[in-house]
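Peer 1: Here you go, one structure.
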Amino acid sequence: MAMAERARIFSGVKPTGHLTLGNYLGAMRRWVEEDQHRADALFCVVDLHALTVEHEPARVRRLTRQAATLLLAAGLDPARCTLFVQSQVDEHLRLSYLMECTASDGEMRRMIQYKEKAAREQARGGSVRLSLLTYPALMAADVLAYGTHEVPVGEDQAQHLELTRDLAGRFNERYGATFVMPKVTHPAVAARVMDLQEPTSKMGKSHAKTAGIVYLLDEPEVVRKKVMRAVTDTASDVVYERGERPGVANLLDVLAACTGGEPARLAEGYASYGALKRDVADAVVELLRPARERHAELAADPMYVDGVLREGAERARALARPRVDAAYRAVGLLDV
């Protein structure tokens with residue numbers, strides 16, 4: 001990347017469930033407060049990825065719109081960044097096939113998420129969709145189509161981004177310099193918010209059990225109830241020890257992310273779990289209040305949201321098409 005060139009960032013959110021506090025603290029807030037201001041940033045609702053498992057079409061459509069609306073409510077500014085829906089930009093699927101032709105079967109089957117999700121699907125008697133195996137090729141296409149320099153993601157996606165880098169390098173070596181080599185970036189605090197009831201598991205939006213998940217659109221009293229019922233441990237003192245006491249550590253991580261403090265230092269100010277939980281609940285409610293209020297306004301104006309997504313798709317298409325066309329030419333396909 002030339003010194004004068006502005007960094008390009010791509011990141012996305014999958015509409016497989018309602019967005020959570022983990023999504024906000026781990027990714028969305030950084031997109032809003034930092035990434036859209038310092039870079040040429042593209043943010044995408046990756047709805048095609050939601051089709052890799054059993055799904056209800058109407059629910060995917062509803063959650064796609066809700067996710068886009070929440071991203072705007074959280075503070076993404078269409079004048080500063082590009083917000084769009086993946087399936088509305090054909091270049092993602094066009095490039096995905098070339099990535100499948102670049103990747104190996106073994107690489108795909110080594111992906112930890114594939115192994116875990118396939119095992120869960122088989123355990124409940126379901127069939128594993130081929131798209132679940134090839135999903136990383138589409139993810140690579142999402143990133144590489146735009147000449148992305150940085151991909152801010154959670155730790156659970158690091159393996160997929162390493163594969164993206166491998167595929168970009170392999171393609172460039174075989175067919176000529178076509179793709180930028182992206183790097184992965186992680187937020188410094190609360191990169192991975194854990195489930196309040198199962199603090200060794202990530203707070204995931206598609207989990208079946210929801211008691212430990214704070215959703216962005218939860219009412220304040222619901223947020224307070226979930227936080228106050230959070231699992232801690234049998235000890236009575238408040239100490240930040242992620243390995244030995246994950247429940248308390250998770251609460252301190254959340255409080256630190258909400259208030260700008262440092263988890264271990266915050267722990268010194270509490271003599272009981274009750275006081276800690278009350279402060280965490282207050283902090284989370286206040287953190288989410290502006291986005292909840294703005295979401296209600298935007299949800300009442302769907303034509304505005306549609307317009308933002310339409311313009312975003314047009315911009316994304318114009319950015320992606322030249323590089324994807326070049327990739328098609330590079331592998332030997334005829335120009336349209």
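In the structure tokens, chains take letters A, B, ... by order of appearance, with residues numbered from 1 within each chain and ligands from 1 in the order shown.
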Near stretch 178-180 of chain A, within 7 Å and counting only C-alpha atoms, which residues show up once chain neighbours fewer than 3 positions away are dropped, as a PyMOL selection string?
Peer 2: chain A and resi 144+147-149+168+172+327
Peer 1: Report as a list of chain:residue names all protein, DNA and RNA residues lying within 8 Å of A:Arg278, evaluated on only C-alpha atoms, omitting residues in the same chain fewer than 3 positions from it.
Peer 2: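 With the cut-off at 8 Å, the set is A:Arg224, A:Val227, A:Met228, A:Gly274, A:Ala275, A:Ala281, A:Asp282.
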Peer 1: Name all residues at most 7 Å from stretch 89-94 of chain A (count only C-alpha atoms; drop same-chain ones fewer than 2 positions away) and give them as an MDAnalysis selection string.
Peer 2: chainID A and resid 86:87 96:97 138 141:142 313 317 320:321 324
Peer 1: I need the residues from that last selection saved to file as a PDB file, in the first residue's frame (with all heavy atoms), if you can.
Peer 2:
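As a result, out-v1.pdb now contains:
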ATOM      1  N   GLN A  86     -24.740  -8.252   0.988  1.00  0.00           N
ATOM      2  CA  GLN A  86     -23.866  -9.088   0.161  1.00  0.00           C
ATOM      3  C   GLN A  86     -24.547  -9.611  -1.101  1.00  0.00           C
ATOM      4  O   GLN A  86     -23.990  -9.543  -2.203  1.00  0.00           O
ATOM      5  CB  GLN A  86     -23.382 -10.249   1.026  1.00  0.00           C
ATOM      6  CG  GLN A  86     -22.465 -11.248   0.354  1.00  0.00           C
ATOM      7  CD  GLN A  86     -22.280 -12.471   1.236  1.00  0.00           C
ATOM      8  OE1 GLN A  86     -23.190 -12.873   1.953  1.00  0.00           O
ATOM      9  NE2 GLN A  86     -21.099 -13.055   1.181  1.00  0.00           N
ATOM     10  N   SER A  87     -25.743 -10.148  -0.973  1.00  0.00           N
ATOM     11  CA  SER A  87     -26.403 -10.802  -2.106  1.00  0.00           C
ATOM     12  C   SER A  87     -26.794  -9.819  -3.200  1.00  0.00           C
ATOM     13  O   SER A  87     -27.128 -10.233  -4.316  1.00  0.00           O
ATOM     14  CB  SER A  87     -27.654 -11.555  -1.636  1.00  0.00           C
ATOM     15  OG  SER A  87     -28.606 -10.661  -1.076  1.00  0.00           O
ATOM     16  N   SER A  96     -16.225 -15.889  -5.712  1.00  0.00           N
ATOM     17  CA  SER A  96     -16.239 -17.063  -4.839  1.00  0.00           C
ATOM     18  C   SER A  96     -15.878 -18.327  -5.607  1.00  0.00           C
ATOM     19  O   SER A  96     -15.126 -19.179  -5.118  1.00  0.00           O
ATOM     20  CB  SER A  96     -17.612 -17.214  -4.183  1.00  0.00           C
ATOM     21  OG  SER A  96     -17.658 -18.367  -3.376  1.00  0.00           O
ATOM     22  N   TYR A  97     -16.385 -18.467  -6.834  1.00  0.00           N
ATOM     23  CA  TYR A  97     -16.069 -19.673  -7.606  1.00  0.00           C
ATOM     24  C   TYR A  97     -14.582 -19.753  -7.933  1.00  0.00           C
ATOM     25  O   TYR A  97     -13.966 -20.825  -7.870  1.00  0.00           O
ATOM     26  CB  TYR A  97     -16.897 -19.737  -8.890  1.00  0.00           C
ATOM     27  CG  TYR A  97     -16.616 -20.998  -9.661  1.00  0.00           C
ATOM     28  CD1 TYR A  97     -17.032 -22.236  -9.171  1.00  0.00           C
ATOM     29  CD2 TYR A  97     -15.892 -20.960 -10.846  1.00  0.00           C
ATOM     30  CE1 TYR A  97     -16.738 -23.402  -9.851  1.00  0.00           C
ATOM     31  CE2 TYR A  97     -15.595 -22.126 -11.535  1.00  0.00           C
ATOM     32  CZ  TYR A  97     -16.025 -23.351 -11.035  1.00  0.00           C
ATOM     33  OH  TYR A  97     -15.721 -24.500 -11.701  1.00  0.00           O
ATOM     34  N   LEU A 138     -16.180 -18.135  -0.144  1.00  0.00           N
ATOM     35  CA  LEU A 138     -17.023 -16.953  -0.300  1.00  0.00           C
ATOM     36  C   LEU A 138     -16.536 -15.829   0.610  1.00  0.00           C
ATOM     37  O   LEU A 138     -16.513 -14.659   0.213  1.00  0.00           O
ATOM     38  CB  LEU A 138     -18.484 -17.297   0.001  1.00  0.00           C
ATOM     39  CG  LEU A 138     -19.499 -16.157  -0.057  1.00  0.00           C
ATOM     40  CD1 LEU A 138     -19.462 -15.446  -1.405  1.00  0.00           C
ATOM     41  CD2 LEU A 138     -20.905 -16.676   0.240  1.00  0.00           C
ATOM     42  N   ALA A 141     -13.677 -14.231  -1.013  1.00  0.00           N
ATOM     43  CA  ALA A 141     -14.139 -13.371  -2.101  1.00  0.00           C
ATOM     44  C   ALA A 141     -14.674 -12.049  -1.559  1.00  0.00           C
ATOM     45  O   ALA A 141     -14.433 -10.981  -2.147  1.00  0.00           O
ATOM     46  CB  ALA A 141     -15.212 -14.092  -2.913  1.00  0.00           C
ATOM     47  N   ASP A 142     -15.402 -12.108  -0.450  1.00  0.00           N
ATOM     48  CA  ASP A 142     -15.922 -10.887   0.170  1.00  0.00           C
ATOM     49  C   ASP A 142     -14.801  -9.874   0.403  1.00  0.00           C
ATOM     50  O   ASP A 142     -14.946  -8.679   0.150  1.00  0.00           O
ATOM     51  CB  ASP A 142     -16.566 -11.202   1.531  1.00  0.00           C
ATOM     52  CG  ASP A 142     -17.783 -12.104   1.439  1.00  0.00           C
ATOM     53  OD1 ASP A 142     -18.397 -12.166   0.354  1.00  0.00           O
ATOM     54  OD2 ASP A 142     -18.104 -12.743   2.456  1.00  0.00           O
ATOM     55  N   ALA A 313     -24.903  -0.738  -2.364  1.00  0.00           N
ATOM     56  CA  ALA A 313     -24.644  -1.826  -3.304  1.00  0.00           C
ATOM     57  C   ALA A 313     -24.082  -1.300  -4.613  1.00  0.00           C
ATOM     58  O   ALA A 313     -23.187  -1.918  -5.217  1.00  0.00           O
ATOM     59  CB  ALA A 313     -25.932  -2.613  -3.550  1.00  0.00           C
ATOM     60  N   ARG A 317     -20.464  -2.391  -5.894  1.00  0.00           N
ATOM     61  CA  ARG A 317     -20.367  -3.035  -7.212  1.00  0.00           C
ATOM     62  C   ARG A 317     -19.320  -2.339  -8.078  1.00  0.00           C
ATOM     63  O   ARG A 317     -18.508  -2.988  -8.749  1.00  0.00           O
ATOM     64  CB  ARG A 317     -21.739  -2.991  -7.880  1.00  0.00           C
ATOM     65  CG  ARG A 317     -21.952  -4.009  -8.985  1.00  0.00           C
ATOM     66  CD  ARG A 317     -23.383  -3.957  -9.477  1.00  0.00           C
ATOM     67  NE  ARG A 317     -24.336  -4.315  -8.433  1.00  0.00           N
ATOM     68  CZ  ARG A 317     -25.287  -3.510  -7.972  1.00  0.00           C
ATOM     69  NH1 ARG A 317     -25.424  -2.290  -8.463  1.00  0.00           N
ATOM     70  NH2 ARG A 317     -26.098  -3.926  -7.021  1.00  0.00           N
ATOM     71  N   ALA A 320     -15.842  -3.330  -6.793  1.00  0.00           N
ATOM     72  CA  ALA A 320     -15.454  -4.739  -6.925  1.00  0.00           C
ATOM     73  C   ALA A 320     -15.308  -5.199  -8.365  1.00  0.00           C
ATOM     74  O   ALA A 320     -14.449  -6.033  -8.669  1.00  0.00           O
ATOM     75  CB  ALA A 320     -16.472  -5.623  -6.203  1.00  0.00           C
ATOM     76  N   ARG A 321     -16.139  -4.687  -9.250  1.00  0.00           N
ATOM     77  CA  ARG A 321     -16.197  -5.239 -10.608  1.00  0.00           C
ATOM     78  C   ARG A 321     -14.859  -5.208 -11.350  1.00  0.00           C
ATOM     79  O   ARG A 321     -14.483  -6.220 -11.970  1.00  0.00           O
ATOM     80  CB  ARG A 321     -17.281  -4.539 -11.419  1.00  0.00           C
ATOM     81  CG  ARG A 321     -17.442  -5.096 -12.832  1.00  0.00           C
ATOM     82  CD  ARG A 321     -18.727  -4.627 -13.461  1.00  0.00           C
ATOM     83  NE  ARG A 321     -19.892  -5.158 -12.757  1.00  0.00           N
ATOM     84  CZ  ARG A 321     -21.126  -4.687 -12.937  1.00  0.00           C
ATOM     85  NH1 ARG A 321     -21.348  -3.673 -13.765  1.00  0.00           N
ATOM     86  NH2 ARG A 321     -22.135  -5.223 -12.278  1.00  0.00           N
ATOM     87  N   VAL A 324     -12.634  -8.059  -9.995  1.00  0.00           N
ATOM     88  CA  VAL A 324     -13.172  -9.391 -10.295  1.00  0.00           C
ATOM     89  C   VAL A 324     -13.052  -9.670 -11.790  1.00  0.00           C
ATOM     90  O   VAL A 324     -12.702 -10.788 -12.206  1.00  0.00           O
ATOM     91  CB  VAL A 324     -14.629  -9.511  -9.809  1.00  0.00           C
ATOM     92  CG1 VAL A 324     -15.220 -10.859 -10.216  1.00  0.00           C
ATOM     93  CG2 VAL A 324     -14.685  -9.356  -8.280  1.00  0.00           C
TER      94      VAL A 324
END
Peer 1: Would you mind reading off the distance between atom CA of A:Gln159 and atom CA of A:Arg110, one decimal, in Å?
Peer 2: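 Interatomic distance here is 9.7 Å.
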Peer 1: So how many Å separate atom CA of A:Ala73 and atom CA of A:Ala296, to one decimal?
Peer 2: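 Between these atoms lies a distance of 8.6 Å.
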Peer 1: If DSSP is run on the backbone, what residues of stretch 13-58 of chain A are strand (DSSP E)? A reply as a PyMOL selection string would be ideal.
Peer 2: chain A and resi 13+40-45
Peer 1: Keeping only all heavy atoms, take the residues you just selected and write them out as a PDB file, in the first residue's frame.
Peer 2:
ATOM      1  N   VAL A  13     -21.391  -8.684   8.991  1.00  0.00           N
ATOM      2  CA  VAL A  13     -22.133  -9.350  10.060  1.00  0.00           C
ATOM      3  C   VAL A  13     -23.148 -10.281   9.420  1.00  0.00           C
ATOM      4  O   VAL A  13     -23.772  -9.940   8.413  1.00  0.00           O
ATOM      5  CB  VAL A  13     -22.815  -8.311  10.986  1.00  0.00           C
ATOM      6  CG1 VAL A  13     -23.822  -7.450  10.228  1.00  0.00           C
ATOM      7  CG2 VAL A  13     -23.470  -8.995  12.174  1.00  0.00           C
ATOM      8  N   ASP A  40     -11.244   3.982   3.972  1.00  0.00           N
ATOM      9  CA  ASP A  40     -12.294   3.721   2.995  1.00  0.00           C
ATOM     10  C   ASP A  40     -12.954   2.423   3.437  1.00  0.00           C
ATOM     11  O   ASP A  40     -12.447   1.336   3.174  1.00  0.00           O
ATOM     12  CB  ASP A  40     -11.672   3.589   1.607  1.00  0.00           C
ATOM     13  CG  ASP A  40     -12.700   3.282   0.539  1.00  0.00           C
ATOM     14  OD1 ASP A  40     -13.906   3.371   0.836  1.00  0.00           O
ATOM     15  OD2 ASP A  40     -12.298   2.941  -0.583  1.00  0.00           O
ATOM     16  N   ALA A  41     -14.062   2.526   4.159  1.00  0.00           N
ATOM     17  CA  ALA A  41     -14.629   1.380   4.865  1.00  0.00           C
ATOM     18  C   ALA A  41     -15.903   0.854   4.203  1.00  0.00           C
ATOM     19  O   ALA A  41     -16.782   1.628   3.830  1.00  0.00           O
ATOM     20  CB  ALA A  41     -14.933   1.768   6.310  1.00  0.00           C
ATOM     21  N   LEU A  42     -15.960  -0.469   4.076  1.00  0.00           N
ATOM     22  CA  LEU A  42     -17.147  -1.148   3.563  1.00  0.00           C
ATOM     23  C   LEU A  42     -17.647  -2.106   4.630  1.00  0.00           C
ATOM     24  O   LEU A  42     -16.881  -2.926   5.153  1.00  0.00           O
ATOM     25  CB  LEU A  42     -16.836  -1.935   2.288  1.00  0.00           C
ATOM     26  CG  LEU A  42     -16.364  -1.142   1.083  1.00  0.00           C
ATOM     27  CD1 LEU A  42     -14.841  -1.269   0.938  1.00  0.00           C
ATOM     28  CD2 LEU A  42     -17.047  -1.636  -0.192  1.00  0.00           C
ATOM     29  N   PHE A  43     -18.942  -2.006   4.939  1.00  0.00           N
ATOM     30  CA  PHE A  43     -19.559  -2.879   5.926  1.00  0.00           C
ATOM     31  C   PHE A  43     -20.755  -3.576   5.281  1.00  0.00           C
ATOM     32  O   PHE A  43     -21.576  -2.934   4.634  1.00  0.00           O
ATOM     33  CB  PHE A  43     -19.986  -2.077   7.156  1.00  0.00           C
ATOM     34  CG  PHE A  43     -18.835  -1.374   7.807  1.00  0.00           C
ATOM     35  CD1 PHE A  43     -18.723   0.007   7.745  1.00  0.00           C
ATOM     36  CD2 PHE A  43     -17.847  -2.088   8.456  1.00  0.00           C
ATOM     37  CE1 PHE A  43     -17.655   0.659   8.324  1.00  0.00           C
ATOM     38  CE2 PHE A  43     -16.770  -1.444   9.044  1.00  0.00           C
ATOM     39  CZ  PHE A  43     -16.670  -0.070   8.983  1.00  0.00           C
ATOM     40  N   CYS A  44     -20.826  -4.882   5.488  1.00  0.00           N
ATOM     41  CA  CYS A  44     -21.734  -5.700   4.698  1.00  0.00           C
ATOM     42  C   CYS A  44     -22.548  -6.626   5.588  1.00  0.00           C
ATOM     43  O   CYS A  44     -22.005  -7.231   6.527  1.00  0.00           O
ATOM     44  CB  CYS A  44     -20.889  -6.522   3.709  1.00  0.00           C
ATOM     45  SG  CYS A  44     -21.819  -7.579   2.610  1.00  0.00           S
ATOM     46  N   VAL A  45     -23.837  -6.746   5.307  1.00  0.00           N
ATOM     47  CA  VAL A  45     -24.655  -7.792   5.926  1.00  0.00           C
ATOM     48  C   VAL A  45     -24.513  -9.016   5.019  1.00  0.00           C
ATOM     49  O   VAL A  45     -25.016  -9.035   3.894  1.00  0.00           O
ATOM     50  CB  VAL A  45     -26.124  -7.370   6.047  1.00  0.00           C
ATOM     51  CG1 VAL A  45     -26.932  -8.479   6.742  1.00  0.00           C
ATOM     52  CG2 VAL A  45     -26.249  -6.063   6.822  1.00  0.00           C
TER      53      VAL A  45
END
Peer 1: Calculated over only C-alpha atoms, which of the candidates A:Ala123, A:Ala58, A:Met194, A:Ala74 has the smallest distance to A:Pro290?
Peer 2: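 Among the listed residues, the smallest separation from A:Pro290 belongs to A:Ala74.
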Peer 1: Can you pull out the residues contacting A:Val336? Cut-off 12 Å, using only C-alpha atoms, and skip same-chain residues under 5 positions away; I want them as a PyMOL selection string.
Peer 2: chain A and resi 325-326+328-329
Peer 1: Rounded to one decimal in Å, what is the spacing between atom CA of A:Gly204 and atom CA of A:Thr20?
Peer 2: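 Here the two named atoms are 7.4 Å from each other.
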Peer 1: As an mmCIF file with N, CA and C atoms, in the first residue's frame, please: every residue in stretch 134-264 of chain A that DSSP puts in alpha helix (DSSP H).
Peer 2:
data_model
loop_
_atom_site.group_PDB
_atom_site.id
_atom_site.type_symbol
_atom_site.label_atom_id
_atom_site.label_comp_id
_atom_site.auth_asym_id
_atom_site.auth_seq_id
_atom_site.Cartn_x
_atom_site.Cartn_y
_atom_site.Cartn_z
ATOM 1 N N THR A 134 -17.643 -24.918 1.728
ATOM 2 C CA THR A 134 -17.029 -23.935 0.822
ATOM 3 C C THR A 134 -17.190 -22.489 1.295
ATOM 4 N N TYR A 135 -17.866 -22.299 2.414
ATOM 5 C CA TYR A 135 -18.090 -20.958 2.965
ATOM 6 C C TYR A 135 -16.826 -20.096 3.035
ATOM 7 N N PRO A 136 -15.656 -20.647 3.438
ATOM 8 C CA PRO A 136 -14.463 -19.789 3.496
ATOM 9 C C PRO A 136 -14.054 -19.220 2.139
ATOM 10 N N ALA A 137 -14.400 -19.901 1.045
ATOM 11 C CA ALA A 137 -14.087 -19.366 -0.284
ATOM 12 C C ALA A 137 -14.914 -18.117 -0.556
ATOM 13 N N LEU A 138 -16.180 -18.135 -0.144
ATOM 14 C CA LEU A 138 -17.023 -16.953 -0.300
ATOM 15 C C LEU A 138 -16.536 -15.829 0.610
ATOM 16 N N MET A 139 -16.120 -16.185 1.804
ATOM 17 C CA MET A 139 -15.591 -15.167 2.714
ATOM 18 C C MET A 139 -14.329 -14.533 2.133
ATOM 19 N N ALA A 140 -13.475 -15.350 1.526
ATOM 20 C CA ALA A 140 -12.280 -14.813 0.878
ATOM 21 C C ALA A 140 -12.660 -13.868 -0.245
ATOM 22 N N ALA A 141 -13.677 -14.231 -1.013
ATOM 23 C CA ALA A 141 -14.139 -13.371 -2.101
ATOM 24 C C ALA A 141 -14.674 -12.049 -1.559
ATOM 25 N N ASP A 142 -15.402 -12.108 -0.450
ATOM 26 C CA ASP A 142 -15.922 -10.887 0.170
ATOM 27 C C ASP A 142 -14.801 -9.874 0.403
ATOM 28 N N VAL A 143 -13.689 -10.375 0.903
ATOM 29 C CA VAL A 143 -12.566 -9.515 1.286
ATOM 30 C C VAL A 143 -11.746 -9.089 0.078
ATOM 31 N N LEU A 144 -11.416 -10.051 -0.777
ATOM 32 C CA LEU A 144 -10.462 -9.793 -1.858
ATOM 33 C C LEU A 144 -11.055 -8.971 -2.997
ATOM 34 N N ALA A 158 -10.235 -15.706 12.681
ATOM 35 C CA ALA A 158 -8.823 -15.545 12.314
ATOM 36 C C ALA A 158 -8.361 -16.641 11.355
ATOM 37 N N GLN A 159 -8.795 -17.881 11.574
ATOM 38 C CA GLN A 159 -8.365 -18.969 10.702
ATOM 39 C C GLN A 159 -8.854 -18.761 9.274
ATOM 40 N N HIS A 160 -10.103 -18.284 9.130
ATOM 41 C CA HIS A 160 -10.633 -18.025 7.798
ATOM 42 C C HIS A 160 -9.849 -16.919 7.092
ATOM 43 N N LEU A 161 -9.430 -15.907 7.848
ATOM 44 C CA LEU A 161 -8.676 -14.823 7.218
ATOM 45 C C LEU A 161 -7.266 -15.264 6.832
ATOM 46 N N GLU A 162 -6.704 -16.186 7.594
ATOM 47 C CA GLU A 162 -5.417 -16.743 7.188
ATOM 48 C C GLU A 162 -5.559 -17.514 5.876
ATOM 49 N N LEU A 163 -6.665 -18.229 5.733
ATOM 50 C CA LEU A 163 -6.920 -18.930 4.474
ATOM 51 C C LEU A 163 -7.090 -17.925 3.336
ATOM 52 N N THR A 164 -7.776 -16.833 3.606
ATOM 53 C CA THR A 164 -7.945 -15.787 2.594
ATOM 54 C C THR A 164 -6.585 -15.287 2.108
ATOM 55 N N ARG A 165 -5.682 -15.065 3.026
ATOM 56 C CA ARG A 165 -4.344 -14.626 2.658
ATOM 57 C C ARG A 165 -3.625 -15.687 1.821
ATOM 58 N N ASP A 166 -3.776 -16.943 2.221
ATOM 59 C CA ASP A 166 -3.156 -18.034 1.461
ATOM 60 C C ASP A 166 -3.697 -18.090 0.036
ATOM 61 N N LEU A 167 -5.013 -17.943 -0.101
ATOM 62 C CA LEU A 167 -5.619 -18.007 -1.429
ATOM 63 C C LEU A 167 -5.199 -16.822 -2.291
ATOM 64 N N ALA A 168 -5.133 -15.647 -1.681
ATOM 65 C CA ALA A 168 -4.699 -14.464 -2.433
ATOM 66 C C ALA A 168 -3.273 -14.647 -2.937
ATOM 67 N N GLY A 169 -2.405 -15.116 -2.049
ATOM 68 C CA GLY A 169 -1.019 -15.318 -2.447
ATOM 69 C C GLY A 169 -0.880 -16.373 -3.532
ATOM 70 N N ARG A 170 -1.628 -17.465 -3.409
ATOM 71 C CA ARG A 170 -1.566 -18.540 -4.397
ATOM 72 C C ARG A 170 -2.077 -18.074 -5.760
ATOM 73 N N PHE A 171 -3.194 -17.338 -5.734
ATOM 74 C CA PHE A 171 -3.753 -16.830 -6.984
ATOM 75 C C PHE A 171 -2.762 -15.891 -7.666
ATOM 76 N N ASN A 172 -2.187 -14.979 -6.887
ATOM 77 C CA ASN A 172 -1.238 -14.027 -7.451
ATOM 78 C C ASN A 172 -0.020 -14.735 -8.045
ATOM 79 N N GLU A 173 0.437 -15.786 -7.372
ATOM 80 C CA GLU A 173 1.605 -16.521 -7.859
ATOM 81 C C GLU A 173 1.303 -17.269 -9.152
ATOM 82 N N ARG A 174 0.108 -17.835 -9.235
ATOM 83 C CA ARG A 174 -0.255 -18.634 -10.411
ATOM 84 C C ARG A 174 -0.622 -17.776 -11.623
ATOM 85 N N TYR A 175 -1.359 -16.687 -11.361
ATOM 86 C CA TYR A 175 -1.990 -15.970 -12.477
ATOM 87 C C TYR A 175 -1.555 -14.519 -12.626
ATOM 88 N N PRO A 220 -34.440 -2.347 28.669
ATOM 89 C CA PRO A 220 -33.532 -2.156 29.807
ATOM 90 C C PRO A 220 -33.762 -3.137 30.951
ATOM 91 N N GLU A 221 -35.039 -3.414 31.274
ATOM 92 C CA GLU A 221 -35.294 -4.329 32.385
ATOM 93 C C GLU A 221 -34.841 -5.749 32.066
ATOM 94 N N VAL A 222 -34.890 -6.122 30.786
ATOM 95 C CA VAL A 222 -34.421 -7.446 30.371
ATOM 96 C C VAL A 222 -32.896 -7.515 30.479
ATOM 97 N N VAL A 223 -32.236 -6.444 30.076
ATOM 98 C CA VAL A 223 -30.771 -6.384 30.203
ATOM 99 C C VAL A 223 -30.367 -6.533 31.667
ATOM 100 N N ARG A 224 -31.033 -5.787 32.536
ATOM 101 C CA ARG A 224 -30.682 -5.838 33.960
ATOM 102 C C ARG A 224 -30.884 -7.238 34.526
ATOM 103 N N LYS A 225 -31.964 -7.875 34.163
ATOM 104 C CA LYS A 225 -32.246 -9.218 34.674
ATOM 105 C C LYS A 225 -31.165 -10.204 34.228
ATOM 106 N N LYS A 226 -30.752 -10.123 32.972
ATOM 107 C CA LYS A 226 -29.734 -11.047 32.459
ATOM 108 C C LYS A 226 -28.389 -10.822 33.139
ATOM 109 N N VAL A 227 -28.037 -9.567 33.334
ATOM 110 C CA VAL A 227 -26.748 -9.279 33.977
ATOM 111 C C VAL A 227 -26.765 -9.699 35.439
ATOM 112 N N MET A 228 -27.852 -9.416 36.140
ATOM 113 C CA MET A 228 -27.918 -9.759 37.558
ATOM 114 C C MET A 228 -27.914 -11.269 37.787
ATOM 115 N N PRO A 246 -13.748 -17.208 34.992
ATOM 116 C CA PRO A 246 -14.196 -16.597 33.726
ATOM 117 C C PRO A 246 -15.464 -15.763 33.842
ATOM 118 N N GLY A 247 -16.378 -16.139 34.747
ATOM 119 C CA GLY A 247 -17.619 -15.393 34.878
ATOM 120 C C GLY A 247 -17.392 -13.971 35.354
ATOM 121 N N VAL A 248 -16.621 -13.816 36.425
ATOM 122 C CA VAL A 248 -16.312 -12.496 36.957
ATOM 123 C C VAL A 248 -15.472 -11.709 35.955
ATOM 124 N N ALA A 249 -14.513 -12.400 35.335
ATOM 125 C CA ALA A 249 -13.654 -11.730 34.357
ATOM 126 C C ALA A 249 -14.479 -11.187 33.192
ATOM 127 N N ASN A 250 -15.481 -11.938 32.768
ATOM 128 C CA ASN A 250 -16.322 -11.482 31.664
ATOM 129 C C ASN A 250 -17.087 -10.220 32.048
ATOM 130 N N LEU A 251 -17.626 -10.187 33.263
ATOM 131 C CA LEU A 251 -18.332 -8.991 33.724
ATOM 132 C C LEU A 251 -17.391 -7.794 33.778
ATOM 133 N N LEU A 252 -16.182 -8.007 34.241
ATOM 134 C CA LEU A 252 -15.213 -6.919 34.315
ATOM 135 C C LEU A 252 -14.780 -6.466 32.920
ATOM 136 N N ASP A 253 -14.666 -7.414 32.001
ATOM 137 C CA ASP A 253 -14.339 -7.052 30.618
ATOM 138 C C ASP A 253 -15.443 -6.177 30.020
ATOM 139 N N VAL A 254 -16.686 -6.557 30.271
ATOM 140 C CA VAL A 254 -17.814 -5.791 29.739
ATOM 141 C C VAL A 254 -17.834 -4.400 30.357
ATOM 142 N N LEU A 255 -17.644 -4.322 31.664
ATOM 143 C CA LEU A 255 -17.645 -3.022 32.337
ATOM 144 C C LEU A 255 -16.510 -2.153 31.807
ATOM 145 N N ALA A 256 -15.345 -2.748 31.619
ATOM 146 C CA ALA A 256 -14.205 -1.992 31.099
ATOM 147 C C ALA A 256 -14.495 -1.469 29.701
ATOM 148 N N ALA A 257 -15.113 -2.308 28.869
ATOM 149 C CA ALA A 257 -15.422 -1.883 27.508
ATOM 150 C C ALA A 257 -16.467 -0.767 27.492
ATOM 151 N N CYS A 258 -17.390 -0.816 28.426
ATOM 152 C CA CYS A 258 -18.443 0.201 28.481
ATOM 153 C C CYS A 258 -17.948 1.527 29.043
ATOM 154 N N THR A 259 -17.019 1.471 30.006
ATOM 155 C CA THR A 259 -16.627 2.677 30.732
ATOM 156 C C THR A 259 -15.239 3.191 30.371
ATOM 157 N N PRO A 263 -9.852 -3.795 33.287
ATOM 158 C CA PRO A 263 -10.545 -4.821 34.079
ATOM 159 C C PRO A 263 -9.933 -5.086 35.449
ATOM 160 N N ALA A 264 -8.629 -5.323 35.520
ATOM 161 C CA ALA A 264 -8.004 -5.645 36.805
ATOM 162 C C ALA A 264 -8.124 -4.482 37.782
#
Peer 1: Might you pull out every residue within 12 Å of stretch 300-304 of chain A, with only C-alpha atoms counted and same-chain residues fewer than 6 positions away left off, and present them as a ChimeraX atom specification?
Peer 2: /A:62,65-66,68-69,72,78,293-294,310-311
Peer 1: Restrict the selected residues to C-alpha atoms and save them as a PDB file, in the first residue's frame.
Peer 2:
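Listing of selection-v2.pdb after writing:
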ATOM      1  CA  ARG A  62     -36.128  -9.911   8.431  1.00  0.00           C
ATOM      2  CA  ARG A  65     -32.982  -5.671   7.377  1.00  0.00           C
ATOM      3  CA  GLN A  66     -32.744  -5.504  11.156  1.00  0.00           C
ATOM      4  CA  ALA A  68     -28.594  -3.105   8.474  1.00  0.00           C
ATOM      5  CA  THR A  69     -30.911  -0.847  10.475  1.00  0.00           C
ATOM      6  CA  LEU A  72     -27.073   2.641  10.982  1.00  0.00           C
ATOM      7  CA  PRO A  78     -23.524   6.401   4.676  1.00  0.00           C
ATOM      8  CA  GLU A 293     -33.805   4.807  20.302  1.00  0.00           C
ATOM      9  CA  ARG A 294     -32.322   5.473  16.856  1.00  0.00           C
ATOM     10  CA  ARG A 310     -29.306   0.425  -2.701  1.00  0.00           C
ATOM     11  CA  GLU A 311     -26.726   3.196  -2.939  1.00  0.00           C
TER      12      GLU A 311
END
